[in-house]
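S.K.: Below you'll find the structure I mean.
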Amino acid sequence: MTPEDRRTANEDLLRERGIPVNPHLPMIEAEDSVTLRSEDALWRRLVALWGVVGTAMLRENGYFKEYFSVSNRRGWLSSDEAAFLFNDARSEGDIVRFSWRLEAMVFLAWCGGLVDALPMPEHPSSVEAVLPLYPHDLGDATMLRQALRLRSKAEILDWSDRLYRLHWAVRDAQLNGREPPPGINPGMVLEWHHAANWMTGYGDEEDWDAVSTDT
């Protein structure tokens with residue numbers, strides 16, 4: 001699919017759902033100009049997200065702190081993630097913020113073929129289906145690595161373009177004091193867009209914390 005076709009298809013989809021479209025938003029990159037993250041990079045990122053989401057949701061559980069103290073795993077965390085996970089006096093704001101990373105985790109699990117399909121980002125996601133792939137001891141997440149099967153670049157770029165346009169609609173509503181677009185969860189859109197831009201190497205940014213979600 002060409003970038004033009006991808007934009008047209010997603011604009012049509014959004015219009016059908018009553019979601020505002022900005023016809024002046026540019027196209028995203030063509031497939032031949034995008035290099036997806038490797039399965040190994042995706043694996044490490046999924047493990048890092050599992051760690052911070054688990055830390056946020058199981059507040060008094062020290063397992064994740066211990067897990068990322070072993071071997072070289074601490075290096076899999078971004079600076080922001082490490083500061084959160086190894087802080088014993090976490091703020092409520094940070095706990096909420098990292099709880100939302102569950103949505104980025106779900107999107108990347110879909111990119112890795114661990115989730116069959118993604119609905120529109122409306123209802124909060126669940127990671128119950130992929131949690132059995134993560135370790136319950138201090139061992140490496142080998143089951144998770146073995147289960148990964150990276151989706152095609154075309155599939156991932158379809159969602160990347162869609163999230164770009166959805167995020168514009170969310171931000172336009174916020175800037176103009178309107179309700180969010182119908183059937184859309186703004187927090188999910190942000191997390192999925194961040195994950196999609198990391199997965200597609202947007203802006204050649206290597207630092208998870210610094211990945212942009214421009215609209």
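Labels used: A, B, ... for chains in the order of the structure tokens, numbers from 1 for residues in each chain, and numbers from 1 for ligands as shown.
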I'd like to know which residues of stretch 26-214 of chain A are alpha helix (DSSP H) (by DSSP, run on the backbone); could you write them as a ChimeraX atom specification?
M.R.: /A:39-57,63-67,79-85,92-99,101-111,142-147,153-175,186-199
S.K.: Residues of stretch 21-127 of chain A that approach stretch 183-203 of chain A to 7 Å or less, counting only C-alpha atoms: could you list each one with the shortest pair of atoms and its distance in Å to one decimal, rows by chain and increasing residue number, as a Markdown table?
M.R.:
```
| residue | atom | partner | partner_atom | distance |
| --- | --- | --- | --- | --- |
| A:Val34 | CA | A:Thr200 | CA | 6.3 |
| A:Thr35 | CA | A:Thr200 | CA | 6.2 |
| A:Leu36 | CA | A:Thr200 | CA | 4.8 |
| A:Arg37 | CA | A:Met199 | CA | 5.4 |
| A:Arg101 | CA | A:Glu191 | CA | 6.6 |
| A:Glu103 | CA | A:Glu191 | CA | 5.8 |
| A:Ala104 | CA | A:Glu191 | CA | 4.9 |
| A:Phe107 | CA | A:Trp192 | CA | 5.8 |
| A:Leu108 | CA | A:Ala195 | CA | 6.5 |
| A:Pro121 | CA | A:Ile184 | CA | 5.7 |
| A:Glu122 | CA | A:Ile184 | CA | 4.6 |
| A:His123 | CA | A:Asn185 | CA | 6.9 |
```
S.K.: Out of A:Met1, A:Leu114, A:Ile95, A:Ala89, which residue has the shortest atom-to-atom distance to A:Glu31 when counting only C-alpha atoms?
M.R.: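 When distances to A:Glu31 are compared using only C-alpha atoms, the smallest one comes from A:Met1.
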S.K.: Show me, as a VMD selection string, the residues that have an atom within 12 Å of stretch 127-144 of chain A when counting only C-alpha atoms, minus same-chain residues fewer than 3 positions from it.
M.R.: chain A and resid 39 to 40 42 to 51 53 to 54 63 to 73 101 to 110 112 to 116 124 147 to 149
S.K.: Keeping only N, CA and C atoms, write those residues as a CSV table (one decimal), in the first residue's frame.
M.R.:
```csv
chain,number,residue,atom,x,y,z
A,39,GLU,N,13.2,-8.2,16.5
A,39,GLU,CA,12.5,-9.0,17.5
A,39,GLU,C,13.2,-9.0,18.8
A,40,ASP,N,14.6,-8.9,18.8
A,40,ASP,CA,15.3,-8.9,20.1
A,40,ASP,C,15.0,-7.5,20.8
A,42,LEU,N,12.4,-5.7,20.4
A,42,LEU,CA,11.0,-5.7,20.9
A,42,LEU,C,10.9,-6.5,22.1
A,43,TRP,N,11.5,-7.6,22.2
A,43,TRP,CA,11.5,-8.5,23.4
A,43,TRP,C,12.0,-7.7,24.6
A,44,ARG,N,13.1,-7.1,24.5
A,44,ARG,CA,13.6,-6.3,25.7
A,44,ARG,C,12.7,-5.2,26.1
A,45,ARG,N,12.1,-4.5,25.1
A,45,ARG,CA,11.1,-3.5,25.4
A,45,ARG,C,9.9,-4.0,26.1
A,46,LEU,N,9.4,-5.2,25.7
A,46,LEU,CA,8.2,-5.8,26.3
A,46,LEU,C,8.5,-6.2,27.7
A,47,VAL,N,9.8,-6.7,27.9
A,47,VAL,CA,10.1,-7.0,29.3
A,47,VAL,C,10.2,-5.8,30.2
A,48,ALA,N,10.8,-4.7,29.7
A,48,ALA,CA,10.9,-3.5,30.4
A,48,ALA,C,9.5,-2.9,30.8
A,49,LEU,N,8.6,-2.9,29.8
A,49,LEU,CA,7.3,-2.4,30.1
A,49,LEU,C,6.5,-3.3,31.1
A,50,TRP,N,6.7,-4.6,31.0
A,50,TRP,CA,6.2,-5.5,32.0
A,50,TRP,C,6.7,-5.2,33.4
A,51,GLY,N,7.9,-4.8,33.5
A,51,GLY,CA,8.5,-4.4,34.8
A,51,GLY,C,7.9,-3.2,35.4
A,53,VAL,N,5.0,-1.6,34.5
A,53,VAL,CA,3.6,-1.8,34.7
A,53,VAL,C,3.3,-2.6,35.9
A,54,GLY,N,4.0,-3.7,36.1
A,54,GLY,CA,3.9,-4.5,37.3
A,54,GLY,C,4.2,-3.7,38.6
A,63,TYR,N,9.3,-7.7,43.6
A,63,TYR,CA,9.8,-8.7,42.7
A,63,TYR,C,10.5,-8.0,41.5
A,64,PHE,N,9.8,-7.0,40.9
A,64,PHE,CA,10.3,-6.4,39.7
A,64,PHE,C,11.7,-5.7,40.0
A,65,LYS,N,11.8,-5.1,41.1
A,65,LYS,CA,13.0,-4.4,41.5
A,65,LYS,C,14.2,-5.5,41.5
A,66,GLU,N,13.8,-6.6,42.1
A,66,GLU,CA,14.8,-7.7,42.2
A,66,GLU,C,15.1,-8.2,40.8
A,67,TYR,N,14.1,-8.4,40.0
A,67,TYR,CA,14.3,-9.0,38.6
A,67,TYR,C,15.2,-8.1,37.8
A,68,PHE,N,15.1,-6.8,37.9
A,68,PHE,CA,15.9,-5.9,37.0
A,68,PHE,C,17.2,-5.6,37.7
A,69,SER,N,17.5,-6.1,38.9
A,69,SER,CA,18.8,-6.0,39.5
A,69,SER,C,19.7,-7.1,39.0
A,70,VAL,N,19.2,-8.1,38.4
A,70,VAL,CA,19.9,-9.3,37.9
A,70,VAL,C,20.5,-9.1,36.5
A,71,SER,N,21.7,-9.6,36.4
A,71,SER,CA,22.4,-9.6,35.1
A,71,SER,C,22.4,-8.2,34.4
A,72,ASN,N,22.1,-8.1,33.1
A,72,ASN,CA,22.2,-6.8,32.4
A,72,ASN,C,20.8,-6.2,32.2
A,73,ARG,N,19.8,-6.7,32.9
A,73,ARG,CA,18.4,-6.3,32.6
A,73,ARG,C,18.1,-4.9,32.9
A,101,ARG,N,1.3,2.6,30.9
A,101,ARG,CA,2.2,1.9,29.9
A,101,ARG,C,1.7,0.5,29.6
A,102,LEU,N,0.7,0.0,30.3
A,102,LEU,CA,0.1,-1.3,29.9
A,102,LEU,C,-0.4,-1.2,28.5
A,103,GLU,N,-0.9,0.0,28.1
A,103,GLU,CA,-1.4,0.1,26.7
A,103,GLU,C,-0.3,0.1,25.7
A,104,ALA,N,0.9,0.7,26.0
A,104,ALA,CA,2.0,0.5,25.1
A,104,ALA,C,2.5,-0.9,25.0
A,105,MET,N,2.4,-1.6,26.1
A,105,MET,CA,2.8,-3.0,26.1
A,105,MET,C,1.9,-3.8,25.3
A,106,VAL,N,0.6,-3.6,25.3
A,106,VAL,CA,-0.4,-4.3,24.5
A,106,VAL,C,-0.1,-4.1,23.0
A,107,PHE,N,0.1,-2.8,22.7
A,107,PHE,CA,0.3,-2.5,21.2
A,107,PHE,C,1.6,-3.2,20.7
A,108,LEU,N,2.6,-3.2,21.5
A,108,LEU,CA,3.9,-3.9,21.1
A,108,LEU,C,3.7,-5.4,21.1
A,109,ALA,N,2.9,-5.9,22.0
A,109,ALA,CA,2.6,-7.3,22.0
A,109,ALA,C,1.9,-7.7,20.7
A,110,TRP,N,1.0,-6.8,20.2
A,110,TRP,CA,0.4,-7.0,18.9
A,110,TRP,C,1.4,-7.0,17.8
A,112,GLY,N,4.3,-7.9,17.9
A,112,GLY,CA,5.1,-9.2,18.0
A,112,GLY,C,4.3,-10.4,17.8
A,113,GLY,N,3.0,-10.2,17.4
A,113,GLY,CA,2.2,-11.4,17.1
A,113,GLY,C,1.6,-12.1,18.3
A,114,LEU,N,1.7,-11.5,19.5
A,114,LEU,CA,1.2,-12.1,20.7
A,114,LEU,C,-0.2,-11.8,21.0
A,115,VAL,N,-0.8,-10.8,20.3
A,115,VAL,CA,-2.2,-10.4,20.4
A,115,VAL,C,-2.7,-10.5,18.9
A,116,ASP,N,-3.9,-11.2,18.8
A,116,ASP,CA,-4.4,-11.5,17.5
A,116,ASP,C,-4.8,-10.3,16.7
A,124,PRO,N,-10.2,0.0,27.8
A,124,PRO,CA,-8.9,-0.4,28.4
A,124,PRO,C,-8.6,-1.8,28.1
A,147,ALA,N,8.1,-16.9,21.5
A,147,ALA,CA,6.7,-16.7,21.0
A,147,ALA,C,6.6,-15.5,20.0
A,148,LEU,N,7.6,-14.6,20.0
A,148,LEU,CA,7.5,-13.4,19.2
A,148,LEU,C,7.6,-13.8,17.7
A,149,ARG,N,6.7,-13.2,16.9
A,149,ARG,CA,6.7,-13.3,15.4
A,149,ARG,C,6.3,-12.0,14.9
```
